[in-house]
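Participant: Just one file: work-v2.cif, with mmCIF, C-alpha atoms; chains and numbers go by the auth columns.
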data_work
loop_
_atom_site.group_PDB
_atom_site.id
_atom_site.type_symbol
_atom_site.label_atom_id
_atom_site.label_comp_id
_atom_site.label_asym_id
_atom_site.label_seq_id
_atom_site.Cartn_x
_atom_site.Cartn_y
_atom_site.Cartn_z
_atom_site.B_iso_or_equiv
_atom_site.auth_seq_id
_atom_site.auth_asym_id
ATOM 1 C CA MET A 1 71.689 143.012 65.771 0.00 1 A
ATOM 2 C CA SER A 2 73.913 140.808 67.877 0.00 2 A
ATOM 3 C CA GLU A 3 72.832 137.691 69.717 0.00 3 A
ATOM 4 C CA ASP A 4 72.336 137.809 73.478 0.00 4 A
ATOM 5 C CA LEU A 5 74.844 136.203 75.834 0.00 5 A
ATOM 6 C CA HIS A 6 72.638 133.241 76.715 0.00 6 A
ATOM 7 C CA THR A 7 72.125 132.394 73.037 0.00 7 A
ATOM 8 C CA LEU A 8 75.867 132.585 72.458 0.00 8 A
ATOM 9 C CA GLN A 9 76.505 130.361 75.485 0.00 9 A
ATOM 10 C CA ARG A 10 74.085 127.786 74.082 0.00 10 A
ATOM 11 C CA ARG A 11 75.827 127.927 70.683 0.00 11 A
ATOM 12 C CA LEU A 12 79.237 127.470 72.328 0.00 12 A
ATOM 13 C CA ALA A 13 77.930 124.527 74.371 0.00 13 A
ATOM 14 C CA ALA A 14 76.438 122.894 71.270 0.00 14 A
ATOM 15 C CA PHE A 15 79.675 123.438 69.352 0.00 15 A
ATOM 16 C CA ALA A 16 81.697 121.783 72.139 0.00 16 A
ATOM 17 C CA ALA A 17 79.206 118.931 72.552 0.00 17 A
ATOM 18 C CA ALA A 18 79.241 118.133 68.834 0.00 18 A
ATOM 19 C CA ARG A 19 83.003 117.666 69.079 0.00 19 A
ATOM 20 C CA ASP A 20 82.965 115.910 72.484 0.00 20 A
ATOM 21 C CA TRP A 21 85.012 118.760 73.974 0.00 21 A
ATOM 22 C CA GLN A 22 82.882 119.324 77.067 0.00 22 A
ATOM 23 C CA GLN A 23 85.098 116.826 78.903 0.00 23 A
ATOM 24 C CA TYR A 24 87.850 119.457 78.730 0.00 24 A
ATOM 25 C CA HIS A 25 85.652 122.421 79.639 0.00 25 A
ATOM 26 C CA ASN A 26 86.105 122.393 83.391 0.00 26 A
ATOM 27 C CA PRO A 27 86.678 125.643 85.322 0.00 27 A
ATOM 28 C CA LYS A 28 90.445 125.130 85.612 0.00 28 A
ATOM 29 C CA ASN A 29 90.969 124.512 81.908 0.00 29 A
ATOM 30 C CA LEU A 30 88.620 127.304 80.885 0.00 30 A
ATOM 31 C CA ALA A 31 90.346 129.790 83.217 0.00 31 A
ATOM 32 C CA ALA A 32 93.711 128.801 81.734 0.00 32 A
ATOM 33 C CA ALA A 33 92.404 129.111 78.171 0.00 33 A
ATOM 34 C CA LEU A 34 90.897 132.506 79.003 0.00 34 A
ATOM 35 C CA SER A 35 94.272 133.679 80.302 0.00 35 A
ATOM 36 C CA VAL A 36 96.040 132.465 77.162 0.00 36 A
ATOM 37 C CA GLU A 37 93.585 134.243 74.883 0.00 37 A
ATOM 38 C CA ALA A 38 93.802 137.461 76.920 0.00 38 A
ATOM 39 C CA SER A 39 97.581 137.242 76.595 0.00 39 A
ATOM 40 C CA GLU A 40 97.247 136.885 72.828 0.00 40 A
ATOM 41 C CA LEU A 41 95.199 140.099 72.821 0.00 41 A
ATOM 42 C CA VAL A 42 97.876 141.846 74.878 0.00 42 A
ATOM 43 C CA GLU A 43 100.530 140.600 72.460 0.00 43 A
ATOM 44 C CA ILE A 44 98.969 142.603 69.620 0.00 44 A
ATOM 45 C CA PHE A 45 99.505 145.830 71.582 0.00 45 A
ATOM 46 C CA GLN A 46 102.726 144.898 73.378 0.00 46 A
ATOM 47 C CA TRP A 47 105.185 147.189 71.591 0.00 47 A
ATOM 48 C CA LEU A 48 102.803 149.805 70.206 0.00 48 A
ATOM 49 C CA THR A 49 102.860 153.395 71.340 0.00 49 A
ATOM 50 C CA PRO A 50 99.634 154.722 72.865 0.00 50 A
ATOM 51 C CA GLU A 51 98.909 156.476 69.558 0.00 51 A
ATOM 52 C CA GLN A 52 99.518 153.310 67.525 0.00 52 A
ATOM 53 C CA SER A 53 97.329 151.276 69.865 0.00 53 A
ATOM 54 C CA ALA A 54 94.486 153.794 69.511 0.00 54 A
ATOM 55 C CA ALA A 55 94.688 153.450 65.720 0.00 55 A
ATOM 56 C CA VAL A 56 94.941 149.642 65.582 0.00 56 A
ATOM 57 C CA MET A 57 91.410 149.229 64.196 0.00 57 A
ATOM 58 C CA SER A 58 92.151 151.432 61.174 0.00 58 A
ATOM 59 C CA GLU A 59 94.304 148.701 59.597 0.00 59 A
ATOM 60 C CA PRO A 60 92.100 145.811 58.352 0.00 60 A
ATOM 61 C CA ALA A 61 94.612 143.058 59.169 0.00 61 A
ATOM 62 C CA SER A 62 95.245 144.228 62.716 0.00 62 A
ATOM 63 C CA ALA A 63 91.546 144.980 63.244 0.00 63 A
ATOM 64 C CA ARG A 64 90.717 141.391 62.303 0.00 64 A
ATOM 65 C CA ARG A 65 93.345 140.049 64.730 0.00 65 A
ATOM 66 C CA VAL A 66 91.955 142.189 67.544 0.00 66 A
ATOM 67 C CA GLU A 67 88.378 141.117 66.788 0.00 67 A
ATOM 68 C CA ASP A 68 89.400 137.447 66.677 0.00 68 A
ATOM 69 C CA GLU A 69 91.175 137.661 70.036 0.00 69 A
ATOM 70 C CA VAL A 70 88.284 139.566 71.615 0.00 70 A
ATOM 71 C CA ALA A 71 85.977 136.815 70.349 0.00 71 A
ATOM 72 C CA ASP A 72 88.243 134.117 71.813 0.00 72 A
ATOM 73 C CA VAL A 73 88.381 135.885 75.197 0.00 73 A
ATOM 74 C CA LEU A 74 84.611 136.324 75.268 0.00 74 A
ATOM 75 C CA ALA A 75 83.993 132.731 74.179 0.00 75 A
ATOM 76 C CA TYR A 76 86.129 131.305 76.972 0.00 76 A
ATOM 77 C CA LEU A 77 84.674 133.739 79.513 0.00 77 A
ATOM 78 C CA LEU A 78 81.131 132.710 78.579 0.00 78 A
ATOM 79 C CA GLN A 79 82.052 129.020 78.752 0.00 79 A
ATOM 80 C CA PHE A 80 83.721 129.610 82.141 0.00 80 A
ATOM 81 C CA CYS A 81 80.587 131.352 83.421 0.00 81 A
ATOM 82 C CA GLU A 82 78.417 128.527 82.106 0.00 82 A
ATOM 83 C CA ALA A 83 80.579 125.912 83.849 0.00 83 A
ATOM 84 C CA LEU A 84 80.244 127.708 87.200 0.00 84 A
ATOM 85 C CA GLY A 85 76.667 128.950 86.859 0.00 85 A
ATOM 86 C CA ILE A 86 77.658 132.627 86.812 0.00 86 A
ATOM 87 C CA ASP A 87 75.412 135.148 85.089 0.00 87 A
ATOM 88 C CA ALA A 88 78.088 137.409 83.584 0.00 88 A
ATOM 89 C CA LEU A 89 75.841 140.465 83.227 0.00 89 A
ATOM 90 C CA THR A 90 74.535 140.176 86.791 0.00 90 A
ATOM 91 C CA ALA A 91 78.092 139.785 88.098 0.00 91 A
ATOM 92 C CA LEU A 92 79.208 142.825 86.102 0.00 92 A
ATOM 93 C CA ALA A 93 76.306 144.961 87.322 0.00 93 A
ATOM 94 C CA ALA A 94 77.087 144.032 90.940 0.00 94 A
ATOM 95 C CA LYS A 95 80.770 144.845 90.451 0.00 95 A
ATOM 96 C CA ILE A 96 79.943 148.240 88.916 0.00 96 A
ATOM 97 C CA GLU A 97 77.735 149.025 91.918 0.00 97 A
ATOM 98 C CA ARG A 98 80.535 148.095 94.348 0.00 98 A
ATOM 99 C CA ASN A 99 83.032 150.206 92.388 0.00 99 A
ATOM 100 C CA GLU A 100 80.659 153.182 92.309 0.00 100 A
ATOM 101 C CA SER A 101 80.593 153.001 96.090 0.00 101 A
ATOM 102 C CA ARG A 102 84.342 152.420 96.475 0.00 102 A
ATOM 103 C CA PHE A 103 85.348 155.085 93.961 0.00 103 A
ATOM 104 C CA PRO A 104 82.874 157.976 94.091 0.00 104 A
ATOM 105 C CA ALA A 105 82.973 160.513 91.265 0.00 105 A
ATOM 106 C CA GLY A 106 85.362 163.355 91.952 0.00 106 A
ATOM 107 C CA HIS A 107 87.514 161.257 94.297 0.00 107 A
ATOM 108 C CA ASP A 108 91.159 161.921 93.441 0.00 108 A
ATOM 109 C CA ALA A 109 92.572 158.410 93.487 0.00 109 A
ATOM 110 C CA ARG A 110 93.807 155.987 90.906 0.00 110 A
ATOM 111 C CA PRO A 111 91.433 153.065 90.404 0.00 111 A
ATOM 112 C CA ASP A 112 94.169 150.591 91.430 0.00 112 A
ATOM 113 C CA ARG A 113 94.274 152.097 94.928 0.00 113 A
ATOM 114 C CA ASP A 114 91.763 151.808 97.713 0.00 114 A
ATOM 115 C CA ARG A 115 90.636 154.809 99.744 0.00 115 A
ATOM 116 C CA THR A 116 93.567 154.581 102.145 0.00 116 A
ATOM 117 C CA GLY A 117 96.006 154.962 99.260 0.00 117 A
ATOM 118 C CA GLU A 118 97.204 151.401 99.644 0.00 118 A
ATOM 119 C CA GLY A 119 97.291 149.106 96.645 0.00 119 A
ATOM 120 C CA SER A 120 94.692 146.402 96.472 0.00 120 A
ATOM 121 C CA GLY A 121 97.326 143.703 96.275 0.00 121 A
ATOM 122 C CA GLY A 122 95.522 142.149 93.334 0.00 122 A
ATOM 123 C CA THR A 123 92.699 140.790 95.437 0.00 123 A
ATOM 124 C CA ASP A 124 89.958 143.129 94.235 0.00 124 A
ATOM 125 C CA SER A 125 90.552 145.378 91.281 0.00 125 A
ATOM 126 C CA ALA A 126 88.424 148.268 90.117 0.00 126 A
ATOM 127 C CA SER A 127 87.989 146.751 86.698 0.00 127 A
#
Output the structure of this file as structure tokens.

Facilitator:
Amino acid sequence: MSEDLHTLQRRLAAFAAARDWQQYHNPKNLAAALSVEASELVEIFQWLTPEQSAAVMSEPASARRVEDEVADVLAYLLQFCEALGIDALTALAAKIERNESRFPAGHDARPDRDRTGEGSGGTDSAS
């Protein structure tokens, strides 16, 4: 069974404190690190076909790379949330509720478009 998010946040905080890294763990630096790690995850899939990307976990070496990058993204996201006092699961639940209202089932629109058919302009995505 996996650990809960709050336990993992405490472990990450203890890890950083033991190395005197908390001085670097401000929201700006954590957001930048999160972006870098997300980009490293994207890099794994960059030139794969959709079929190759769907099969990436069947190869042990690539599966390990994906898992490592997912772990890095999650670690920085949890540290970012900790720095700003955000409960990640509460924020996610609220976002799902807003999206359920914005994008009702059966509505024929791409999730990157609002109900008028206009793009969101990157200010509020469906994901």

Participant: Any idea what the distance is between CA of Gln79 in chain A and CA of Val42 in chain A?

Facilitator: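 One can read the CA of Gln79 in chain A to CA of Val42 in chain A distance as 20.7 Å.
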
Participant: Would you mind listing what lies within 8 Å of range 57-71 of chain A as a PyMOL selection string, with all atoms listed in the file counted and same-chain residues fewer than 6 positions away left out?

Facilitator: chain A and resi 37-38+40-41+44

Participant: Tell me, counting only C-alpha atoms, for each residue of range 63-83 of chain A within 12 Å of range 88-95 of chain A, which pair of atoms is nearest and how far apart they are in Å to one decimal, in rows ordered by chain and increasing number, as CSV.

Facilitator:
residue,atom,partner,partner_atom,distance
A:Leu74,CA,A:Ala88,CA,10.6
A:Leu77,CA,A:Ala88,CA,8.6
A:Leu78,CA,A:Ala88,CA,7.5
A:Gln79,CA,A:Ala88,CA,10.5
A:Phe80,CA,A:Ala88,CA,9.7
A:Cys81,CA,A:Ala88,CA,6.6
A:Glu82,CA,A:Ala88,CA,9.0
A:Ala83,CA,A:Ala88,CA,11.8

Participant: Expand the PyMOL selection byres ((chain A and resi 13-17) around 12) into the explicit residue set it covers here, and present it as a PyMOL selection string.

Facilitator: chain A and resi 6-12+18-25+75-76+78-83

Participant: As an exercise, work out the distance from CA of Pro27 in chain A to CA of Ser39 in chain A in Å and give it to one decimal place.

Facilitator: 18.2 Å

Participant: Can you work out the spacing between CA of Ser53 in chain A and CA of Val73 in chain A in Å, to one decimal?

Facilitator: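 Computed distance, CA of Ser53 in chain A to CA of Val73 in chain A, equals 18.6 Å.
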